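Next up, protein22.cif (mmCIF, C-alpha atoms):
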```
data_data
loop_
_atom_site.group_PDB
_atom_site.id
_atom_site.type_symbol
_atom_site.label_atom_id
_atom_site.label_comp_id
_atom_site.auth_asym_id
_atom_site.auth_seq_id
_atom_site.Cartn_x
_atom_site.Cartn_y
_atom_site.Cartn_z
ATOM 1 C CA MET A 917 0.000 0.000 0.000
ATOM 2 C CA GLU A 918 3.023 2.309 -0.158
ATOM 3 C CA SER A 919 1.983 3.881 -3.463
ATOM 4 C CA LEU A 920 -1.461 4.672 -2.049
ATOM 5 C CA ASP A 921 0.037 6.275 1.072
ATOM 6 C CA GLU A 922 2.320 8.365 -1.138
ATOM 7 C CA ARG A 923 -0.674 9.500 -3.187
ATOM 8 C CA LEU A 924 -2.563 10.398 -0.013
ATOM 9 C CA VAL A 925 0.333 12.558 1.181
ATOM 10 C CA GLU A 926 0.585 14.170 -2.270
ATOM 11 C CA ALA A 927 -3.084 15.113 -1.993
ATOM 12 C CA LEU A 928 -2.185 17.373 0.929
ATOM 13 C CA GLU A 929 0.359 19.421 -1.034
ATOM 14 C CA GLY A 930 -0.331 23.113 -1.396
ATOM 15 C CA SER A 931 -2.313 23.360 1.820
ATOM 16 C CA VAL A 932 -1.711 25.395 4.957
ATOM 17 C CA GLU A 933 1.318 23.928 6.716
ATOM 18 C CA LEU A 934 -0.560 22.950 9.885
ATOM 19 C CA ALA A 935 -3.346 21.304 7.866
ATOM 20 C CA LYS A 936 -0.734 19.318 5.960
ATOM 21 C CA LYS A 937 0.997 18.309 9.195
ATOM 22 C CA ILE A 938 -2.246 17.072 10.743
ATOM 23 C CA GLY A 939 -3.219 15.277 7.535
ATOM 24 C CA GLU A 940 0.128 13.498 7.323
ATOM 25 C CA TYR A 941 -0.141 12.522 11.000
ATOM 26 C CA ILE A 942 -3.472 10.829 10.307
ATOM 27 C CA ILE A 943 -2.281 9.097 7.143
ATOM 28 C CA ARG A 944 0.992 7.873 8.672
ATOM 29 C CA SER A 945 -0.914 6.302 11.582
ATOM 30 C CA GLY A 946 -1.941 3.519 9.218
ATOM 31 C CA GLY A 947 -5.177 1.572 9.213
ATOM 32 C CA LYS A 948 -6.733 -1.347 7.366
ATOM 33 C CA ARG A 949 -7.229 0.666 4.146
ATOM 34 C CA ILE A 950 -9.943 -1.826 3.196
ATOM 35 C CA ARG A 951 -12.020 0.714 1.232
ATOM 36 C CA PRO A 952 -9.237 2.007 -1.065
ATOM 37 C CA ARG A 953 -7.902 -1.542 -1.479
ATOM 38 C CA ILE A 954 -11.338 -2.538 -2.776
ATOM 39 C CA THR A 955 -11.325 0.418 -5.175
ATOM 40 C CA LEU A 956 -7.919 -0.636 -6.472
ATOM 41 C CA ALA A 957 -9.039 -4.263 -6.849
ATOM 42 C CA VAL A 958 -12.162 -3.253 -8.798
ATOM 43 C CA SER A 959 -10.049 -0.886 -10.926
ATOM 44 C CA LYS A 960 -7.649 -3.696 -11.767
ATOM 45 C CA GLY A 961 -10.498 -5.996 -12.764
ATOM 46 C CA LEU A 962 -11.844 -3.277 -15.052
ATOM 47 C CA GLY A 963 -8.438 -2.549 -16.583
ATOM 48 C CA LEU A 964 -8.392 1.040 -15.300
ATOM 49 C CA ASP A 965 -5.118 2.958 -15.569
ATOM 50 C CA GLU A 966 -3.137 2.713 -12.317
ATOM 51 C CA ASN A 967 -2.812 6.483 -11.942
ATOM 52 C CA ASP A 968 -6.582 6.949 -12.232
ATOM 53 C CA ALA A 969 -7.164 4.047 -9.847
ATOM 54 C CA LEU A 970 -4.888 5.590 -7.209
ATOM 55 C CA ASP A 971 -6.675 8.931 -7.486
ATOM 56 C CA LEU A 972 -10.074 7.324 -6.949
ATOM 57 C CA ALA A 973 -8.796 5.148 -4.095
ATOM 58 C CA SER A 974 -7.123 8.078 -2.346
ATOM 59 C CA ALA A 975 -10.320 10.143 -2.565
ATOM 60 C CA ILE A 976 -12.274 7.311 -0.928
ATOM 61 C CA GLU A 977 -9.704 6.996 1.868
ATOM 62 C CA LEU A 978 -9.584 10.755 2.477
ATOM 63 C CA ILE A 979 -13.364 10.799 2.917
ATOM 64 C CA HIS A 980 -13.197 7.875 5.333
ATOM 65 C CA THR A 981 -10.346 9.489 7.266
ATOM 66 C CA ALA A 982 -12.236 12.776 7.511
ATOM 67 C CA SER A 983 -15.235 10.948 8.960
ATOM 68 C CA LEU A 984 -13.025 9.270 11.583
ATOM 69 C CA VAL A 985 -11.615 12.633 12.670
ATOM 70 C CA HIS A 986 -15.134 13.999 13.110
ATOM 71 C CA ASP A 987 -16.283 10.826 14.893
ATOM 72 C CA ASP A 988 -13.450 11.207 17.393
ATOM 73 C CA VAL A 989 -14.559 14.776 18.111
ATOM 74 C CA ILE A 990 -18.130 13.612 18.764
ATOM 75 C CA ASP A 991 -16.971 10.759 21.025
ATOM 76 C CA LEU A 992 -14.044 12.677 22.556
ATOM 77 C CA ALA A 993 -11.969 9.587 21.729
ATOM 78 C CA GLU A 994 -8.471 9.540 23.156
ATOM 79 C CA LYS A 995 -6.837 7.043 20.803
ATOM 80 C CA ARG A 996 -7.198 5.941 17.214
ATOM 81 C CA ARG A 997 -4.990 3.181 15.771
ATOM 82 C CA ASN A 998 -2.987 3.190 19.021
ATOM 83 C CA ASN A 999 -2.097 6.885 18.582
ATOM 84 C CA PRO A 1000 -3.562 9.998 20.214
ATOM 85 C CA THR A 1001 -6.502 11.280 18.179
ATOM 86 C CA VAL A 1002 -6.390 14.606 16.369
ATOM 87 C CA VAL A 1003 -8.873 16.045 18.857
ATOM 88 C CA MET A 1004 -6.580 15.099 21.746
ATOM 89 C CA ARG A 1005 -3.409 16.451 20.102
ATOM 90 C CA TRP A 1006 -4.721 19.638 18.518
ATOM 91 C CA GLY A 1007 -8.125 20.247 20.109
ATOM 92 C CA PRO A 1008 -11.695 20.081 18.765
ATOM 93 C CA GLU A 1009 -11.490 23.237 16.637
ATOM 94 C CA LEU A 1010 -8.553 22.053 14.537
ATOM 95 C CA ALA A 1011 -9.916 18.506 14.454
ATOM 96 C CA VAL A 1012 -13.206 19.667 12.912
ATOM 97 C CA LEU A 1013 -11.408 21.921 10.434
ATOM 98 C CA SER A 1014 -8.984 19.145 9.504
ATOM 99 C CA GLY A 1015 -11.846 16.795 8.795
ATOM 100 C CA ASP A 1016 -13.508 19.461 6.641
ATOM 101 C CA PHE A 1017 -10.231 19.980 4.781
ATOM 102 C CA LEU A 1018 -9.889 16.267 3.992
ATOM 103 C CA PHE A 1019 -13.485 16.096 2.724
ATOM 104 C CA VAL A 1020 -12.898 19.029 0.376
ATOM 105 C CA ARG A 1021 -9.594 17.650 -0.917
ATOM 106 C CA ALA A 1022 -11.302 14.347 -1.716
ATOM 107 C CA LEU A 1023 -14.042 16.102 -3.696
ATOM 108 C CA ARG A 1024 -11.464 18.157 -5.588
ATOM 109 C CA ILE A 1025 -9.675 14.968 -6.620
ATOM 110 C CA ILE A 1026 -12.967 13.549 -7.879
ATOM 111 C CA ALA A 1027 -13.860 16.779 -9.706
ATOM 112 C CA LYS A 1028 -10.530 16.756 -11.560
ATOM 113 C CA LYS A 1029 -11.130 13.199 -12.746
ATOM 114 C CA LYS A 1030 -14.706 13.708 -13.934
ATOM 115 C CA ALA A 1031 -17.053 16.466 -12.784
ATOM 116 C CA ALA A 1032 -20.099 14.212 -13.182
ATOM 117 C CA MET A 1033 -18.814 11.997 -10.352
ATOM 118 C CA VAL A 1034 -18.912 14.786 -7.781
ATOM 119 C CA ASP A 1035 -22.666 14.532 -7.274
ATOM 120 C CA TYR A 1036 -22.454 10.761 -6.742
ATOM 121 C CA VAL A 1037 -19.631 11.028 -4.207
ATOM 122 C CA ALA A 1038 -21.191 14.039 -2.483
ATOM 123 C CA LYS A 1039 -24.424 12.044 -2.100
ATOM 124 C CA ALA A 1040 -22.459 9.253 -0.384
ATOM 125 C CA VAL A 1041 -20.935 11.804 2.015
ATOM 126 C CA GLU A 1042 -24.369 13.329 2.612
ATOM 127 C CA ASP A 1043 -25.716 9.888 3.521
ATOM 128 C CA MET A 1044 -22.799 9.359 5.914
ATOM 129 C CA VAL A 1045 -23.661 12.591 7.708
ATOM 130 C CA LYS A 1046 -27.367 11.706 7.826
ATOM 131 C CA GLY A 1047 -26.452 8.335 9.327
ATOM 132 C CA GLU A 1048 -24.346 9.989 12.022
ATOM 133 C CA ILE A 1049 -27.120 12.473 12.812
ATOM 134 C CA LEU A 1050 -29.646 9.652 13.130
ATOM 135 C CA GLN A 1051 -27.243 7.732 15.358
ATOM 136 C CA GLU A 1052 -26.844 10.757 17.604
ATOM 137 C CA ALA A 1053 -30.626 11.179 17.757
ATOM 138 C CA VAL A 1054 -31.049 7.672 19.189
ATOM 139 C CA ARG A 1055 -27.856 7.578 21.256
ATOM 140 C CA GLY A 1056 -28.440 6.046 24.656
ATOM 141 C CA SER A 1057 -31.503 4.066 23.575
ATOM 142 C CA VAL A 1058 -31.388 0.311 24.136
ATOM 143 C CA HIS A 1059 -34.794 -0.123 22.469
ATOM 144 C CA LEU A 1060 -33.621 0.559 18.904
ATOM 145 C CA ASP A 1061 -35.546 -1.334 16.224
ATOM 146 C CA LEU A 1062 -33.708 -3.231 13.491
ATOM 147 C CA ASP A 1063 -35.037 -1.044 10.651
ATOM 148 C CA THR A 1064 -33.565 2.084 12.243
ATOM 149 C CA TYR A 1065 -30.321 0.264 13.010
ATOM 150 C CA TYR A 1066 -29.892 -0.828 9.392
ATOM 151 C CA GLU A 1067 -30.743 2.644 8.126
ATOM 152 C CA ILE A 1068 -27.982 4.055 10.336
ATOM 153 C CA ILE A 1069 -25.284 1.597 9.306
ATOM 154 C CA ASP A 1070 -26.219 1.631 5.613
ATOM 155 C CA ARG A 1071 -25.859 5.396 5.585
ATOM 156 C CA LYS A 1072 -22.824 5.912 7.814
ATOM 157 C CA THR A 1073 -20.838 2.859 6.636
ATOM 158 C CA GLY A 1074 -22.521 1.158 3.701
ATOM 159 C CA LYS A 1075 -22.731 4.109 1.318
ATOM 160 C CA LEU A 1076 -18.991 4.800 1.303
ATOM 161 C CA PHE A 1077 -18.299 1.100 0.760
ATOM 162 C CA GLY A 1078 -20.754 1.302 -2.116
ATOM 163 C CA ALA A 1079 -18.775 4.178 -3.604
ATOM 164 C CA ALA A 1080 -15.495 2.305 -3.057
ATOM 165 C CA PHE A 1081 -16.848 -0.540 -5.181
ATOM 166 C CA ALA A 1082 -18.681 1.495 -7.799
ATOM 167 C CA LEU A 1083 -16.460 4.521 -8.459
ATOM 168 C CA PRO A 1084 -14.093 2.881 -11.002
ATOM 169 C CA ALA A 1085 -17.057 1.564 -12.995
ATOM 170 C CA TYR A 1086 -18.825 4.928 -12.721
ATOM 171 C CA TYR A 1087 -15.672 6.633 -14.004
ATOM 172 C CA LEU A 1088 -15.478 4.250 -16.977
ATOM 173 C CA GLU A 1089 -19.234 4.641 -17.587
ATOM 174 C CA LYS A 1090 -19.909 0.944 -17.133
ATOM 175 C CA PRO A 1091 -23.674 0.291 -17.001
ATOM 176 C CA TYR A 1092 -23.348 -2.051 -13.997
ATOM 177 C CA TRP A 1093 -21.870 0.490 -11.585
ATOM 178 C CA MET A 1094 -25.133 0.445 -9.614
ATOM 179 C CA GLU A 1095 -24.808 -3.294 -9.036
ATOM 180 C CA LEU A 1096 -21.310 -2.683 -7.677
ATOM 181 C CA ASP A 1097 -22.694 0.034 -5.421
ATOM 182 C CA LYS A 1098 -25.288 -2.416 -4.089
ATOM 183 C CA ALA A 1099 -22.622 -5.076 -3.491
ATOM 184 C CA GLY A 1100 -20.460 -2.535 -1.672
ATOM 185 C CA THR A 1101 -23.341 -1.422 0.526
ATOM 186 C CA LEU A 1102 -23.889 -5.054 1.563
ATOM 187 C CA VAL A 1103 -20.185 -5.399 2.388
ATOM 188 C CA GLY A 1104 -20.368 -2.160 4.384
ATOM 189 C CA ARG A 1105 -23.354 -3.506 6.297
ATOM 190 C CA ALA A 1106 -21.392 -6.669 7.134
ATOM 191 C CA PHE A 1107 -18.337 -4.612 8.056
ATOM 192 C CA GLN A 1108 -20.317 -2.558 10.583
ATOM 193 C CA ILE A 1109 -21.983 -5.623 12.103
ATOM 194 C CA VAL A 1110 -18.579 -7.241 12.611
ATOM 195 C CA ASP A 1111 -17.323 -3.997 14.151
ATOM 196 C CA ASP A 1112 -20.321 -4.098 16.489
ATOM 197 C CA VAL A 1113 -19.309 -7.579 17.643
ATOM 198 C CA LEU A 1114 -15.650 -6.607 18.076
ATOM 199 C CA ASP A 1115 -16.708 -3.948 20.586
ATOM 200 C CA TYR A 1116 -17.408 -6.673 23.141
ATOM 201 C CA PHE A 1117 -14.246 -8.749 22.750
ATOM 202 C CA PRO A 1118 -10.724 -8.199 24.106
ATOM 203 C CA GLY A 1119 -7.616 -8.157 21.934
ATOM 204 C CA THR A 1120 -9.342 -7.080 18.734
ATOM 205 C CA GLY A 1121 -7.691 -3.671 18.359
ATOM 206 C CA LYS A 1122 -10.644 -1.741 19.770
ATOM 207 C CA ASP A 1123 -11.284 -0.301 23.229
ATOM 208 C CA ARG A 1124 -13.543 -2.934 24.729
ATOM 209 C CA PHE A 1125 -17.182 -1.865 25.350
ATOM 210 C CA LYS A 1126 -16.509 1.572 23.833
ATOM 211 C CA ASP A 1127 -19.672 1.626 21.678
ATOM 212 C CA LEU A 1128 -21.753 0.238 24.509
ATOM 213 C CA LEU A 1129 -20.520 2.877 26.961
ATOM 214 C CA ASN A 1130 -21.035 5.629 24.362
ATOM 215 C CA GLY A 1131 -24.698 4.674 24.145
ATOM 216 C CA LYS A 1132 -24.596 3.181 20.641
ATOM 217 C CA ALA A 1133 -27.101 0.392 20.105
ATOM 218 C CA THR A 1134 -25.382 -2.329 18.077
ATOM 219 C CA LEU A 1135 -26.768 -5.503 16.520
ATOM 220 C CA PRO A 1136 -25.733 -7.941 19.313
ATOM 221 C CA LEU A 1137 -27.307 -5.654 21.933
ATOM 222 C CA ILE A 1138 -30.495 -5.248 19.900
ATOM 223 C CA LEU A 1139 -30.827 -9.016 19.479
ATOM 224 C CA TYR A 1140 -30.249 -9.522 23.199
ATOM 225 C CA THR A 1141 -32.786 -6.918 24.359
ATOM 226 C CA GLU A 1142 -35.386 -8.194 21.886
ATOM 227 C CA ARG A 1143 -35.287 -11.571 23.666
ATOM 228 C CA TYR A 1144 -34.586 -10.690 27.280
ATOM 229 C CA GLY A 1145 -35.748 -7.106 27.634
ATOM 230 C CA SER A 1146 -33.661 -4.046 28.402
ATOM 231 C CA SER A 1147 -33.895 -3.770 32.202
ATOM 232 C CA PHE A 1148 -30.647 -5.642 32.898
ATOM 233 C CA VAL A 1149 -28.744 -3.687 30.243
ATOM 234 C CA GLU A 1150 -30.028 -0.376 31.599
ATOM 235 C CA LYS A 1151 -28.969 -1.423 35.101
ATOM 236 C CA ILE A 1152 -25.451 -2.251 33.879
ATOM 237 C CA LEU A 1153 -25.104 1.072 32.062
ATOM 238 C CA LYS A 1154 -25.989 2.959 35.244
ATOM 239 C CA ASN A 1155 -23.053 1.235 36.962
ATOM 240 C CA PRO A 1156 -20.646 0.158 34.207
ATOM 241 C CA SER A 1157 -18.021 -1.469 36.407
ATOM 242 C CA GLU A 1158 -15.722 -4.033 34.832
ATOM 243 C CA GLU A 1159 -17.476 -6.805 36.744
ATOM 244 C CA ASN A 1160 -20.906 -5.721 35.525
ATOM 245 C CA LEU A 1161 -19.765 -5.324 31.918
ATOM 246 C CA LEU A 1162 -18.205 -8.786 31.942
ATOM 247 C CA ASN A 1163 -21.423 -10.150 33.418
ATOM 248 C CA LEU A 1164 -23.381 -8.658 30.515
ATOM 249 C CA PHE A 1165 -20.835 -10.060 28.061
ATOM 250 C CA GLU A 1166 -21.232 -13.564 29.494
ATOM 251 C CA ARG A 1167 -25.016 -13.341 29.273
ATOM 252 C CA MET A 1168 -24.812 -12.197 25.659
ATOM 253 C CA MET A 1169 -22.342 -14.987 24.856
ATOM 254 C CA ASN A 1170 -24.667 -17.577 26.373
ATOM 255 C CA ALA A 1171 -27.582 -16.093 24.438
ATOM 256 C CA GLY A 1172 -25.666 -16.655 21.188
ATOM 257 C CA VAL A 1173 -26.150 -13.111 19.903
ATOM 258 C CA PHE A 1174 -22.525 -12.663 18.825
ATOM 259 C CA GLU A 1175 -22.570 -15.862 16.802
ATOM 260 C CA GLU A 1176 -25.916 -14.893 15.286
ATOM 261 C CA SER A 1177 -24.625 -11.424 14.377
ATOM 262 C CA LEU A 1178 -21.596 -12.901 12.605
ATOM 263 C CA LYS A 1179 -23.860 -15.321 10.737
ATOM 264 C CA ILE A 1180 -25.965 -12.389 9.549
ATOM 265 C CA ALA A 1181 -22.811 -10.531 8.465
ATOM 266 C CA ARG A 1182 -21.583 -13.581 6.569
ATOM 267 C CA GLY A 1183 -24.893 -13.712 4.726
ATOM 268 C CA TYR A 1184 -24.465 -10.139 3.522
ATOM 269 C CA VAL A 1185 -20.894 -10.874 2.395
ATOM 270 C CA ASP A 1186 -22.062 -13.940 0.463
ATOM 271 C CA GLY A 1187 -24.803 -11.878 -1.173
ATOM 272 C CA ALA A 1188 -22.303 -9.211 -2.205
ATOM 273 C CA LEU A 1189 -19.856 -11.729 -3.662
ATOM 274 C CA LYS A 1190 -22.632 -13.379 -5.661
ATOM 275 C CA LEU A 1191 -23.552 -10.004 -7.141
ATOM 276 C CA ILE A 1192 -19.922 -9.404 -8.105
ATOM 277 C CA GLY A 1193 -19.596 -12.869 -9.612
ATOM 278 C CA ASP A 1194 -22.537 -12.199 -11.930
ATOM 279 C CA LEU A 1195 -21.012 -9.016 -13.394
ATOM 280 C CA PRO A 1196 -19.087 -8.909 -16.711
ATOM 281 C CA PHE A 1197 -15.638 -8.033 -15.362
ATOM 282 C CA ASP A 1198 -12.793 -9.832 -13.612
ATOM 283 C CA GLY A 1199 -13.852 -9.604 -9.972
ATOM 284 C CA SER A 1200 -11.591 -12.406 -8.739
ATOM 285 C CA GLU A 1201 -9.233 -10.095 -6.833
ATOM 286 C CA VAL A 1202 -12.174 -8.297 -5.238
ATOM 287 C CA VAL A 1203 -13.621 -11.626 -4.108
ATOM 288 C CA ARG A 1204 -10.262 -12.715 -2.661
ATOM 289 C CA LEU A 1205 -9.794 -9.419 -0.836
ATOM 290 C CA VAL A 1206 -13.277 -9.298 0.688
ATOM 291 C CA SER A 1207 -13.366 -13.008 1.564
ATOM 292 C CA GLY A 1208 -9.899 -12.896 3.093
ATOM 293 C CA TYR A 1209 -10.667 -9.829 5.165
ATOM 294 C CA PHE A 1210 -13.856 -11.208 6.683
ATOM 295 C CA GLU A 1211 -12.483 -14.683 7.287
ATOM 296 C CA GLY A 1212 -9.610 -13.064 9.171
ATOM 297 C CA VAL A 1213 -11.988 -11.044 11.329
ATOM 298 C CA PHE A 1214 -14.260 -14.027 12.024
ATOM 299 C CA LYS A 1215 -11.221 -15.986 13.144
ATOM 300 C CA ARG A 1216 -10.093 -13.176 15.477
ATOM 301 C CA VAL A 1217 -13.496 -13.101 17.145
ATOM 302 C CA ARG A 1218 -13.529 -16.871 17.601
ATOM 303 C CA THR A 1219 -10.023 -16.756 19.068
ATOM 304 C CA SER A 1220 -10.854 -13.853 21.390
ATOM 305 C CA GLY A 1221 -13.963 -15.560 22.666
ATOM 306 C CA SER A 1222 -12.332 -18.927 23.325
#
```

Written as structure tokens, that's how I'd like the structure from this file.
Amino acid sequence: MESLDERLVEALEGSVELAKKIGEYIIRSGGKRIRPRITLAVSKGLGLDENDALDLASAIELIHTASLVHDDVIDLAEKRRNNPTVVMRWGPELAVLSGDFLFVRALRIIAKKKAAMVDYVAKAVEDMVKGEILQEAVRGSVHLDLDTYYEIIDRKTGKLFGAAFALPAYYLEKPYWMELDKAGTLVGRAFQIVDDVLDYFPGTGKDRFKDLLNGKATLPLILYTERYGSSFVEKILKNPSEENLLNLFERMMNAGVFEESLKIARGYVDGALKLIGDLPFDGSEVVRLVSGYFEGVFKRVRTSGS
């Protein structure tokens, strides 16, 4: 991924020095880069020029990175990828402005490639923001219904995955770009469900119980409260000691909601890969990338829970 990281740093050139410094700090901190890697894999299958592919992939990653910076401001998160967050190092004002800067740079990259793509990408960003607003509106509720939950994750996570899949085909004016967008949205839905599960397990690279303590209703919690009611969960959240949180975790494990959530996620991945397999381009690298990523995550959860 070195060439992608170099392109991301290049995208910051010509900016205010502090904005460039903050941007480079975020980029150098690493990350899974799953979204731009998907864009590059789709681009390769379509025969897109490498330079164009890198531009599209870097725009996708800049948008994702900008959203993380803003998320950390909302949550007052202290660490991201084992490093202090932008909000902790530079304060909320510069964190918000840095996120805005990265969003704008991404859209400028897209506009230079093809102006017609700006509306499509801007719509994906708009959906991300709507998803975050909806999530904030229901924060703290343990009675969230599944329809609202899926609307939140499809907007805040699924739509950018959809763009990561579809953008190369959109750029090349392939008529099946919408099918790629649909496949990407399904992968994004699975990605968020898996992330929901990881919140409860140790040693997965996340701060354990972070989403739970921040009042975010996730799929395992929704499945649990649907069956056993919310009174116990509400009691735990009023006194979130380590002992109480581990007690809730054990109850959820015994209820099988983590396993069920992963099964649901796997179903969405399978549906996405079937869609890709039916399209008239070489999607073999995309299938390998997506399958490999999720199998790795499923294995980590099984290992952590054993």

Residues in the PyMOL selection byres ((chain A and resi 1052) around 12), expressed as a compact mmCIF listing (two decimals) with C-alpha atoms, in the coordinates of the input:
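Wrote it out as result-v3.txt, contents follow:
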```
# COMPACT_ATOMS: atom_id res chain seq x y z
CA ASP A 987 -16.28 10.83 14.89
CA ILE A 990 -18.13 13.61 18.76
CA ASP A 991 -16.97 10.76 21.02
CA VAL A 1045 -23.66 12.59 7.71
CA LYS A 1046 -27.37 11.71 7.83
CA GLY A 1047 -26.45 8.34 9.33
CA GLU A 1048 -24.35 9.99 12.02
CA ILE A 1049 -27.12 12.47 12.81
CA LEU A 1050 -29.65 9.65 13.13
CA GLN A 1051 -27.24 7.73 15.36
CA ALA A 1053 -30.63 11.18 17.76
CA VAL A 1054 -31.05 7.67 19.19
CA ARG A 1055 -27.86 7.58 21.26
CA GLY A 1056 -28.44 6.05 24.66
CA SER A 1057 -31.50 4.07 23.58
CA TYR A 1065 -30.32 0.26 13.01
CA ILE A 1068 -27.98 4.06 10.34
CA LYS A 1072 -22.82 5.91 7.81
CA ASN A 1130 -21.04 5.63 24.36
CA GLY A 1131 -24.70 4.67 24.14
CA LYS A 1132 -24.60 3.18 20.64
CA ALA A 1133 -27.10 0.39 20.10
```

Under the rule that all atoms listed in the file are counted, which of A:Ala1040, A:Ala957, A:Val1213, A:Ile938 is the nearest residue to Leu1013 (chain A)?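 Of A:Ala1040, A:Ala957, A:Val1213, A:Ile938, the one nearest Leu1013 (chain A) is A:Ile938, counting all atoms listed in the file.
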
Can you tell me which residues surround Asp1115 (chain A) at a distance of at most 7 Å, considering all atoms listed in the file, apart from same-chain residues fewer than 5 positions away, and format the answer as a list of chain:residue names?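 Residues near the query, excluding close chain neighbours: A:Lys1122, A:Arg1124, A:Phe1125, A:Lys1126, A:Asp1127.
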
For each of A:Leu1162, A:Ala982, A:Ala1188, A:Ile1025, take the minimum atom-to-atom distance to Gly1074 (chain A), counting only C-alpha atoms, then give the residue where this is smallest.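 With only C-alpha atoms as the atom set, the closest residue is A:Ala1188.
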
Compile the contact shell of region 976-978 of chain A as a list in words: residues with an atom at most 6 Å away, counting all atoms listed in the file, same-chain residues fewer than 5 positions apart removed.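 In the requested form, the answer reads Pro952, Leu1018 and Ala1022 of chain A.
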
Report as an MDAnalysis selection string the full result of the PyMOL selection byres ((chain A and resi 1141-1152) around 12) when it is applied to this structure. chainID A and resid 1056:1062 1125 1128:1129 1131 1133:1140 1153:1165 1167:1168 1171:1173

On this structure, which residues satisfy the PyMOL selection byres ((chain A and resi 1077) around 6), written as a PDB file with C-alpha atoms, in the frame of the given file?
```
ATOM      1  CA  GLY A1074     -22.521   1.158   3.701  1.00  0.00           C
ATOM      2  CA  LYS A1075     -22.731   4.109   1.318  1.00  0.00           C
ATOM      3  CA  LEU A1076     -18.991   4.800   1.303  1.00  0.00           C
ATOM      4  CA  GLY A1078     -20.754   1.302  -2.116  1.00  0.00           C
ATOM      5  CA  ALA A1079     -18.775   4.178  -3.604  1.00  0.00           C
ATOM      6  CA  ALA A1080     -15.495   2.305  -3.057  1.00  0.00           C
ATOM      7  CA  GLY A1100     -20.460  -2.535  -1.672  1.00  0.00           C
ATOM      8  CA  THR A1101     -23.341  -1.422   0.526  1.00  0.00           C
ATOM      9  CA  GLY A1104     -20.368  -2.160   4.384  1.00  0.00           C
TER      10      GLY A1104
END
```

Using only C-alpha atoms, the shortest atom-to-atom distance to Val1202 (chain A) among A:Ala1099, A:Val925, A:Ala1038, A:Met1169 belongs to A:Ala1099

Counting only C-alpha atoms, which of A:Gly961, A:Gly939, A:Pro1091, A:Gly1183 gets nearest to Ala1011 (chain A)?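 Checking each candidate against Ala1011 (chain A), we get A:Gly939 as the closest.
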
Name the closest residue to Gly963 (chain A) among the candidates A:Ala1085, A:Asp1063, A:Asn1170, A:Val1217; distances are taken between atoms, counting all atoms listed in the file. A:Ala1085

For Glu933 (chain A), which residue out of A:Ser919, A:Ser983, A:Thr1001, A:Ser1014 is the nearest one, using all atoms listed in the file? A:Ser1014

I'd like the interatomic distance between CA of Thr1073 (chain A) and CA of His980 (chain A), to a tenth of an Å.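 CA of His980 (chain A) lies 9.2 Å from CA of Thr1073 (chain A).
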